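Enquirer: You'll find start11.cif just under this line, and it carries mmCIF, C-alpha atoms.
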```cif
data_start
#
loop_
_atom_site.group_PDB
_atom_site.id
_atom_site.type_symbol
_atom_site.label_atom_id
_atom_site.label_comp_id
_atom_site.auth_asym_id
_atom_site.auth_seq_id
_atom_site.Cartn_x
_atom_site.Cartn_y
_atom_site.Cartn_z
ATOM 1 C CA MET V 14 20.102 30.068 107.370
ATOM 2 C CA ALA V 15 18.176 30.060 110.645
ATOM 3 C CA THR V 16 18.911 27.411 113.240
ATOM 4 C CA ASP V 17 16.132 25.796 115.207
ATOM 5 C CA TYR V 18 17.617 25.268 118.642
ATOM 6 C CA ASP V 19 14.471 23.505 119.874
ATOM 7 C CA ALA V 20 14.680 20.728 117.277
ATOM 8 C CA PRO V 21 15.815 17.340 118.586
ATOM 9 C CA ARG V 22 19.497 16.661 118.100
ATOM 10 C CA LYS V 23 20.914 13.676 116.279
ATOM 11 C CA GLN V 24 21.928 10.716 118.347
ATOM 12 C CA ASP V 25 25.441 9.280 118.229
ATOM 13 C CA GLU V 26 24.232 6.435 115.998
ATOM 14 C CA GLU V 27 22.840 8.845 113.411
ATOM 15 C CA LEU V 28 26.036 10.886 113.411
ATOM 16 C CA LYS V 29 28.079 7.790 112.619
ATOM 17 C CA THR V 30 25.836 6.868 109.685
ATOM 18 C CA ASP V 31 26.356 10.176 107.864
ATOM 19 C CA SER V 32 28.525 9.384 104.895
ATOM 20 C CA LEU V 33 31.449 11.500 103.834
ATOM 21 C CA ASP V 34 29.791 12.213 100.489
ATOM 22 C CA GLU V 35 26.645 13.468 102.225
ATOM 23 C CA LEU V 36 28.655 15.811 104.420
ATOM 24 C CA LYS V 37 30.553 17.146 101.407
ATOM 25 C CA SER V 38 27.317 17.788 99.530
ATOM 26 C CA ARG V 39 25.883 19.706 102.485
ATOM 27 C CA ARG V 40 28.970 21.867 102.653
ATOM 28 C CA SER V 41 28.824 22.708 98.950
ATOM 29 C CA ASP V 42 25.082 23.469 99.173
ATOM 30 C CA GLN V 43 25.597 26.211 101.714
ATOM 31 C CA SER V 44 25.928 29.677 100.276
ATOM 32 C CA SER V 45 29.268 31.388 100.391
ATOM 33 C CA GLY V 46 29.977 34.119 102.929
ATOM 34 C CA SER V 47 30.679 36.723 100.258
ATOM 35 C CA VAL V 48 28.192 39.457 99.482
ATOM 36 C CA ASP V 49 27.473 40.490 95.920
ATOM 37 C CA GLN V 50 28.242 44.178 95.696
ATOM 38 C CA ASP V 51 28.690 46.465 92.767
ATOM 39 C CA GLU V 52 32.268 47.748 92.964
ATOM 40 C CA THR V 53 31.552 51.016 91.178
ATOM 41 C CA GLU V 54 28.647 51.767 93.503
ATOM 42 C CA ALA V 55 30.806 51.105 96.558
ATOM 43 C CA ALA V 56 33.606 53.279 95.173
ATOM 44 C CA GLU V 57 31.325 56.284 94.675
ATOM 45 C CA ASP V 58 30.863 56.788 98.424
ATOM 46 C CA PHE V 59 34.524 56.184 99.265
ATOM 47 C CA VAL V 60 36.468 59.381 99.947
ATOM 48 C CA LEU V 61 40.244 59.324 99.748
ATOM 49 C CA PRO V 62 42.309 61.350 102.233
ATOM 50 C CA GLY V 63 43.243 64.693 100.760
ATOM 51 C CA ALA V 64 40.351 64.645 98.307
ATOM 52 C CA ASP V 65 38.973 67.990 97.125
ATOM 53 C CA LEU V 66 35.760 68.554 99.078
ATOM 54 C CA SER V 67 35.444 72.254 98.293
ATOM 55 C CA ASN V 68 32.146 71.733 96.461
ATOM 56 C CA VAL V 69 30.533 69.841 99.361
ATOM 57 C CA GLU V 70 28.235 71.893 101.574
ATOM 58 C CA LEU V 71 27.483 70.794 105.127
ATOM 59 C CA SER V 72 24.583 72.048 107.180
ATOM 60 C CA VAL V 73 24.745 71.623 110.949
ATOM 61 C CA ASP V 74 22.488 73.069 113.609
ATOM 62 C CA VAL V 75 24.689 74.613 116.307
ATOM 63 C CA ILE V 76 23.189 74.683 119.783
ATOM 64 C CA PRO V 77 24.817 77.124 122.226
ATOM 65 C CA ALA V 78 26.179 75.804 125.530
ATOM 66 C CA GLN V 79 23.494 75.438 128.179
ATOM 67 C CA ASP V 80 23.640 76.907 131.702
ATOM 68 C CA ASP V 81 24.693 73.542 133.168
ATOM 69 C CA GLU V 82 27.541 73.024 130.650
ATOM 70 C CA PHE V 83 31.081 74.330 130.302
ATOM 71 C CA THR V 84 33.828 74.229 127.685
ATOM 72 C CA CYS V 85 37.049 72.631 128.887
ATOM 73 C CA SER V 86 40.083 74.879 128.453
ATOM 74 C CA GLN V 87 42.309 71.863 127.682
ATOM 75 C CA CYS V 88 40.334 69.725 125.178
ATOM 76 C CA PHE V 89 37.772 72.385 124.154
ATOM 77 C CA LEU V 90 34.872 69.935 124.460
ATOM 78 C CA VAL V 91 31.546 70.903 125.998
ATOM 79 C CA HIS V 92 30.835 68.932 129.187
ATOM 80 C CA HIS V 93 28.137 68.841 131.836
ATOM 81 C CA ARG V 94 28.967 70.668 135.097
ATOM 82 C CA SER V 95 29.279 67.288 136.835
ATOM 83 C CA GLN V 96 32.445 66.693 134.726
ATOM 84 C CA LEU V 97 34.210 69.801 136.093
ATOM 85 C CA ALA V 98 37.410 68.835 137.923
ATOM 86 C CA TYR V 99 38.797 72.270 138.798
ATOM 87 C CA GLU V 100 39.401 75.739 137.443
ATOM 88 C CA GLU V 101 42.911 76.817 136.506
ATOM 89 C CA ASP V 102 43.412 80.593 136.255
ATOM 90 C CA GLY V 103 39.634 80.959 135.998
ATOM 91 C CA LEU V 104 39.412 78.467 133.126
ATOM 92 C CA PRO V 105 37.482 75.202 133.640
ATOM 93 C CA VAL V 106 39.194 71.815 133.244
ATOM 94 C CA CYS V 107 37.226 68.558 132.799
ATOM 95 C CA VAL V 108 37.905 65.353 134.738
ATOM 96 C CA ASP V 109 39.299 63.662 131.620
ATOM 97 C CA CYS V 110 41.988 66.313 131.160
ATOM 98 C CA ALA V 111 42.701 66.508 134.894
ATOM 99 C CA ALA V 112 43.651 62.815 135.038
#
```
Please go through the file and, once you have read it, give me the structure as structure tokens.
Expert:
Amino acid sequence: MATDYDAPRKQDEELKTDSLDELKSRRSDQSSGSVDQDETEAAEDFVLPGADLSNVELSVDVIPAQDDEFTCSQCFLVHHRSQLAYEEDGLPVCVDCAA
């Protein structure tokens, strides 16, 4: 339910006149916070650890490293040249692994 923050607020006198029954009825009128969801539909997309995924085929476009990128010899991630901390035995090390 949307709240209109520009609407005038109740005065102290009006707040005192609200009966307990009226407040209870307002609370019961509000919808619950639960979402209706089909359990079987939700379970279809859930993958358990160790599940057999041998029949699943993935397609990924692999882009080769650019001229301004390097592969860290410690974490094996591709970083921009600005992330190069130093080279150890001719192998680049990123600032994350150098720390």
Enquirer: I'd like the neighbourhood of region 73-78 of chain V as a ChimeraX atom specification, where a residue qualifies if any of its atoms comes within 10 Å (using all atoms listed in the file), though same-chain residues fewer than 5 positions away should be ignored.
Expert: /V:83-84,91-93
Enquirer: With C-alpha atoms retained, write the just-selected residues as a PDB file, in the coordinates of the input.
Expert:
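Output file result.pdb is given in full below:
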```
ATOM      1  CA  PHE V  83      31.081  74.330 130.302  1.00  0.00           C
ATOM      2  CA  THR V  84      33.828  74.229 127.685  1.00  0.00           C
ATOM      3  CA  VAL V  91      31.546  70.903 125.998  1.00  0.00           C
ATOM      4  CA  HIS V  92      30.835  68.932 129.187  1.00  0.00           C
ATOM      5  CA  HIS V  93      28.137  68.841 131.836  1.00  0.00           C
TER       6      HIS V  93
END
```
Enquirer: Might I get the box with edges along x, y and z of the file that holds all atoms of region 89-101 of chain V listed there, padded by 5 Å on every side, given as centre and edge lengths in Å to one decimal, as AutoDock Vina command-line options?
Expert:
```
--center_x 35.5 --center_y 71.8 --center_z 131.5 --size_x 24.8 --size_y 20.1 --size_z 24.6
```
Enquirer: Here's the selection I'm unsure about, the PyMOL selection byres ((chain V and resi 102-104) around 9); applied to the file above, which residues does it give, as a list in words?
Expert: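 In the shown coordinates, the PyMOL selection byres ((chain V and resi 102-104) around 9) covers Thr84, Cys85, Ser86, Tyr99, Glu100, Glu101, Pro105 and Val106 of chain V.
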Enquirer: Would you work out the distance separating CA of Leu33 (chain V) from CA of Asp17 (chain V), expressed in Å to one decimal?
Expert: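 Separating CA of Leu33 (chain V) from CA of Asp17 (chain V) is a distance of 23.8 Å.
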Enquirer: CA of Val69 (chain V) and CA of Glu57 (chain V), how far apart in Å?
Expert: 14.4 Å
Enquirer: How many Å lie between CA of Ala15 (chain V) and CA of Asp34 (chain V), rounded to one decimal?
Expert: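 According to the coordinates, CA of Ala15 (chain V) and CA of Asp34 (chain V) are separated by 23.6 Å.
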